[in-house]
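As structure tokens, the structure follows; a few thoughts come after it.
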Amino acid sequence: MNWTAGTTVSAMQTRDEIIQLIRDKRTQLPTLSVVLDNILQIASDDRTSAQDLAEFIQQDQAIAHKILRLANSAYYGLARKVDSIARAITIIGFNEVVGLTLGMGMFSTLGQRTKQSGLDMRGLWLHSIGCGSACRILGTRMGHEEPNRLFICGLLHDTGKVLLAAYFPDDYERILDMAAGNGIALHLVERDQLGLDHAEVGGLLMEQWHFPSSLVLPCLHHHDDSDCPPDLLLDTAVVVVGNAVADKAEIGQSGNPAANEADHALDRLGLSSANLDELSMEILEKRERMEGFLEAAT
Ligand SMILES: [Fe+2]
Ligand SMILES: [Fe+2]
């Protein structure tokens with residue numbers, strides 16, 4: 001299959017169609033449940049305690065059940081039965097619970113459509129957890145005030161792919177094949193074929209779901225920060241580097257066959273490519289743990 005850059009008229013029509021789907025209330029794109037919305041709000045606030053999180057999780061039977069099942073799974077190998085959410089959070093870890101809850105929510109909200117596009121949803125979820133973890137480590141080392149928010153940004157940065165795969169499965173399958181067949185970055189093929197990329201789609205969706213701009217913008221600009229407001233350039237750079245780290249460590253599958261360009265972001269953070277390699281090694285050591293975790297959780 002040949003790939004030639006240059007956005008076409010039909011790509012612009014597809015772009016309008018996608019924007020319409022996200023913005024138009026009549027198309028009934030699922031909304032995030034109130035519980036998930038609350039969890040997202042409190043989890044990105046670095047003052048939230050495990051107890052606060054437990055209280056919100058308890059409001060959703062399905063999520064609460066999954067968290068308890070995970071804490072009681074062979075993965076943790078505990079002798080005594082875990083029967084409270086608060087204790088389950090202590091065992092599983094605050095960020096892991098948030099990652100799992102949001103991942104489950106996002107992916108099941110958008111991904112419950114019959115047709116599959118060839119996007120490896122589980123692989124993408126793992127990629128997102130890897131990216132989020134790298135973002136949190138980076139944030140903590142930089143002395144950032146809100147490393148938990150950076151974790152959530154990393155976790156959500158590729159949400160647009162889930163929407164594209166769920167609502168435009170045939171187009172997206174073709175795009176994934178084109179990118180893979182030609183070794184071209186996925187977001188470039190998306191722009192060419194759809195008139196916009198998954199970062200923009202994810203940004204539009206999160207705006208529609210009323211996520212705070214401190215979460216939306218680093219995701220929206222993770223493949224192009226030229227229009228990013230100055231106060232969020234650093235956070236965006238963290239997501240760009242986190243994304244490159246997850247790719248380099250081969251945590252999960254992002255569907256992108258080309259290496260993500262991170263030099264510009266590394267410069268912005270005062271880091272070198274050697275730092276990126278180090279962080280990738282560090283994340284790589286956690287890969288098995290992340291995989292085992294996801295295995296036990298789903
Ligand atoms: Fe991306
Ligand atoms: Fe990514």
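We name chains A, B, ... following the order of the structure tokens; residues begin at 1 in each chain, and ligands are numbered from 1 as shown.
Based on only C-alpha atoms and all ligand atoms, the protein and nucleic acid residues found within 10 Å of ligand 1 are, by chain and then by number, Ser128, Gly154, Leu156, His157, Asp158, Thr159, Gly160, Lys161, Ala185, Leu186, His187, Asp197, His198, Ala199, Glu200, Gly202, Cys219, Leu220, His221, His222, His223, Val239, Val240, Asn243, Ala244, Ser254, Gly255, Asn256 and Asn260 of chain A.
Residue nearest ligand 2, chosen from A:Leu271, A:Ala166, A:Val189, A:Leu126 and counting only C-alpha atoms and all ligand atoms: A:Leu126.
Using only C-alpha atoms for every distance, the candidate list A:Ile152, A:Leu78, A:Ala258, A:Ala297 yields A:Ile152 as the residue closest to A:Ile42.
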**Request:** Kindly indicate which residue among A:Val162, A:His127, A:Gly103, A:His264 lies nearest to ligand 2, using only C-alpha atoms and all ligand atoms for the distances.
**Result:** A:His127
**Request:** Excluding stretch 62-73 of chain A and residues on its chain fewer than 6 positions from it, collect all residues at most 8 Å away from it, counting only C-alpha atoms, and give them as a PyMOL selection string.
**Result:** chain A and resi 81-85+88+91-92+97+101+296-297
**Request:** Within 12 Å of A:Ser49, counting only C-alpha atoms, which residues show up once you throw out same-chain ones fewer than 2 positions away? Write them as a ChimeraX atom specification, please.
**Result:** /A:39,42-47,51-56,86,89-90,93-95,148
For those residues, write N, CA, C and O atoms to a file as a PDB file, in the first residue's frame.
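And here's part_10.pdb as it stands now:
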```
ATOM      1  N   ILE A  39     -13.772  10.178  40.234  1.00  0.00           N
ATOM      2  CA  ILE A  39     -12.485   9.539  40.515  1.00  0.00           C
ATOM      3  C   ILE A  39     -11.372  10.278  39.782  1.00  0.00           C
ATOM      4  O   ILE A  39     -10.305  10.543  40.322  1.00  0.00           O
ATOM      5  N   ILE A  42     -10.667  13.598  41.664  1.00  0.00           N
ATOM      6  CA  ILE A  42      -9.955  13.487  42.936  1.00  0.00           C
ATOM      7  C   ILE A  42      -8.571  12.858  42.758  1.00  0.00           C
ATOM      8  O   ILE A  42      -7.651  13.180  43.475  1.00  0.00           O
ATOM      9  N   ALA A  43      -8.454  11.982  41.746  1.00  0.00           N
ATOM     10  CA  ALA A  43      -7.156  11.322  41.569  1.00  0.00           C
ATOM     11  C   ALA A  43      -6.102  12.281  41.037  1.00  0.00           C
ATOM     12  O   ALA A  43      -4.914  12.107  41.287  1.00  0.00           O
ATOM     13  N   SER A  44      -6.530  13.298  40.298  1.00  0.00           N
ATOM     14  CA  SER A  44      -5.523  14.217  39.778  1.00  0.00           C
ATOM     15  C   SER A  44      -5.200  15.307  40.799  1.00  0.00           C
ATOM     16  O   SER A  44      -4.344  16.149  40.573  1.00  0.00           O
ATOM     17  N   ASP A  45      -5.904  15.292  41.938  1.00  0.00           N
ATOM     18  CA  ASP A  45      -5.602  16.232  43.007  1.00  0.00           C
ATOM     19  C   ASP A  45      -4.613  15.552  43.967  1.00  0.00           C
ATOM     20  O   ASP A  45      -4.937  14.529  44.574  1.00  0.00           O
ATOM     21  N   ASP A  46      -3.416  16.120  44.086  1.00  0.00           N
ATOM     22  CA  ASP A  46      -2.383  15.447  44.874  1.00  0.00           C
ATOM     23  C   ASP A  46      -2.645  15.460  46.386  1.00  0.00           C
ATOM     24  O   ASP A  46      -1.888  14.887  47.142  1.00  0.00           O
ATOM     25  N   ARG A  47      -3.738  16.109  46.812  1.00  0.00           N
ATOM     26  CA  ARG A  47      -4.054  16.094  48.250  1.00  0.00           C
ATOM     27  C   ARG A  47      -4.977  14.937  48.631  1.00  0.00           C
ATOM     28  O   ARG A  47      -5.276  14.725  49.797  1.00  0.00           O
ATOM     29  N   GLN A  51      -8.162   6.912  51.451  1.00  0.00           N
ATOM     30  CA  GLN A  51      -9.508   6.806  52.017  1.00  0.00           C
ATOM     31  C   GLN A  51     -10.538   7.554  51.160  1.00  0.00           C
ATOM     32  O   GLN A  51     -11.635   7.060  50.899  1.00  0.00           O
ATOM     33  N   ASP A  52     -10.148   8.749  50.690  1.00  0.00           N
ATOM     34  CA  ASP A  52     -11.053   9.518  49.815  1.00  0.00           C
ATOM     35  C   ASP A  52     -11.371   8.708  48.567  1.00  0.00           C
ATOM     36  O   ASP A  52     -12.513   8.620  48.126  1.00  0.00           O
ATOM     37  N   LEU A  53     -10.311   8.126  48.007  1.00  0.00           N
ATOM     38  CA  LEU A  53     -10.482   7.343  46.781  1.00  0.00           C
ATOM     39  C   LEU A  53     -11.415   6.154  47.047  1.00  0.00           C
ATOM     40  O   LEU A  53     -12.331   5.878  46.261  1.00  0.00           O
ATOM     41  N   ALA A  54     -11.203   5.494  48.181  1.00  0.00           N
ATOM     42  CA  ALA A  54     -12.033   4.330  48.533  1.00  0.00           C
ATOM     43  C   ALA A  54     -13.503   4.721  48.596  1.00  0.00           C
ATOM     44  O   ALA A  54     -14.368   4.000  48.104  1.00  0.00           O
ATOM     45  N   GLU A  55     -13.785   5.887  49.172  1.00  0.00           N
ATOM     46  CA  GLU A  55     -15.179   6.312  49.296  1.00  0.00           C
ATOM     47  C   GLU A  55     -15.855   6.461  47.939  1.00  0.00           C
ATOM     48  O   GLU A  55     -17.011   6.100  47.760  1.00  0.00           O
ATOM     49  N   PHE A  56     -15.119   6.993  46.980  1.00  0.00           N
ATOM     50  CA  PHE A  56     -15.702   7.157  45.644  1.00  0.00           C
ATOM     51  C   PHE A  56     -15.881   5.813  44.945  1.00  0.00           C
ATOM     52  O   PHE A  56     -16.897   5.567  44.313  1.00  0.00           O
ATOM     53  N   ALA A  86     -10.583   0.169  50.990  1.00  0.00           N
ATOM     54  CA  ALA A  86      -9.443   0.942  51.510  1.00  0.00           C
ATOM     55  C   ALA A  86      -8.204   0.041  51.615  1.00  0.00           C
ATOM     56  O   ALA A  86      -7.101   0.439  51.234  1.00  0.00           O
ATOM     57  N   ILE A  89      -6.809  -0.825  48.217  1.00  0.00           N
ATOM     58  CA  ILE A  89      -6.006   0.269  47.639  1.00  0.00           C
ATOM     59  C   ILE A  89      -4.585   0.243  48.211  1.00  0.00           C
ATOM     60  O   ILE A  89      -3.605   0.455  47.498  1.00  0.00           O
ATOM     61  N   THR A  90      -4.487  -0.049  49.506  1.00  0.00           N
ATOM     62  CA  THR A  90      -3.156  -0.128  50.118  1.00  0.00           C
ATOM     63  C   THR A  90      -2.338  -1.246  49.468  1.00  0.00           C
ATOM     64  O   THR A  90      -1.142  -1.104  49.240  1.00  0.00           O
ATOM     65  N   GLY A  93      -2.091  -0.335  45.392  1.00  0.00           N
ATOM     66  CA  GLY A  93      -1.400   0.943  45.152  1.00  0.00           C
ATOM     67  C   GLY A  93      -2.386   1.972  44.622  1.00  0.00           C
ATOM     68  O   GLY A  93      -3.231   1.654  43.789  1.00  0.00           O
ATOM     69  N   PHE A  94      -2.258   3.182  45.108  1.00  0.00           N
ATOM     70  CA  PHE A  94      -3.177   4.269  44.748  1.00  0.00           C
ATOM     71  C   PHE A  94      -3.226   4.484  43.236  1.00  0.00           C
ATOM     72  O   PHE A  94      -4.275   4.446  42.606  1.00  0.00           O
ATOM     73  N   ASN A  95      -2.057   4.686  42.648  1.00  0.00           N
ATOM     74  CA  ASN A  95      -2.029   4.997  41.208  1.00  0.00           C
ATOM     75  C   ASN A  95      -2.455   3.821  40.349  1.00  0.00           C
ATOM     76  O   ASN A  95      -3.055   4.008  39.294  1.00  0.00           O
ATOM     77  N   ASN A 148       0.817  13.208  40.364  1.00  0.00           N
ATOM     78  CA  ASN A 148      -0.354  12.359  40.107  1.00  0.00           C
ATOM     79  C   ASN A 148      -1.129  12.837  38.880  1.00  0.00           C
ATOM     80  O   ASN A 148      -1.655  12.038  38.122  1.00  0.00           O
TER      81      ASN A 148
END
```
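The closest residue to ligand 2, picked from A:Leu233, A:Leu266, A:Met206, A:Ile129 and counting only C-alpha atoms and all ligand atoms, is A:Ile129.
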**Asked** For the atom pair atom CA of A:Tyr75 and atom CA of A:Glu288, what is the interatomic distance in Å to one decimal place?
**Response** 11.6 Å
**Request:** May I ask for the distance between atom CA of A:Met12 and atom CA of A:Leu205, given in Å to one decimal place?
**Result:** 18.4 Å
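Shortest separation to A:Cys153 among A:Leu124, A:Ala180, A:Leu215, A:Leu110 occurs at residue A:Leu215, atoms counted being only C-alpha atoms.
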**Prompt:** Closest to ligand 2 among A:Asp231, A:Asp24, A:Asp247, A:Asp263, using only C-alpha atoms and all ligand atoms?
**Reply:** A:Asp247
**Message:** I want to know what sits within 9 Å of A:Tyr172, based on only C-alpha atoms, with residues of the same chain fewer than 3 positions away left out; could you give that as JSON, numbers by chain?
**Reply:** {"A": [117, 118, 119, 161, 164, 165, 166, 167, 168, 169, 175, 176, 177, 190]}
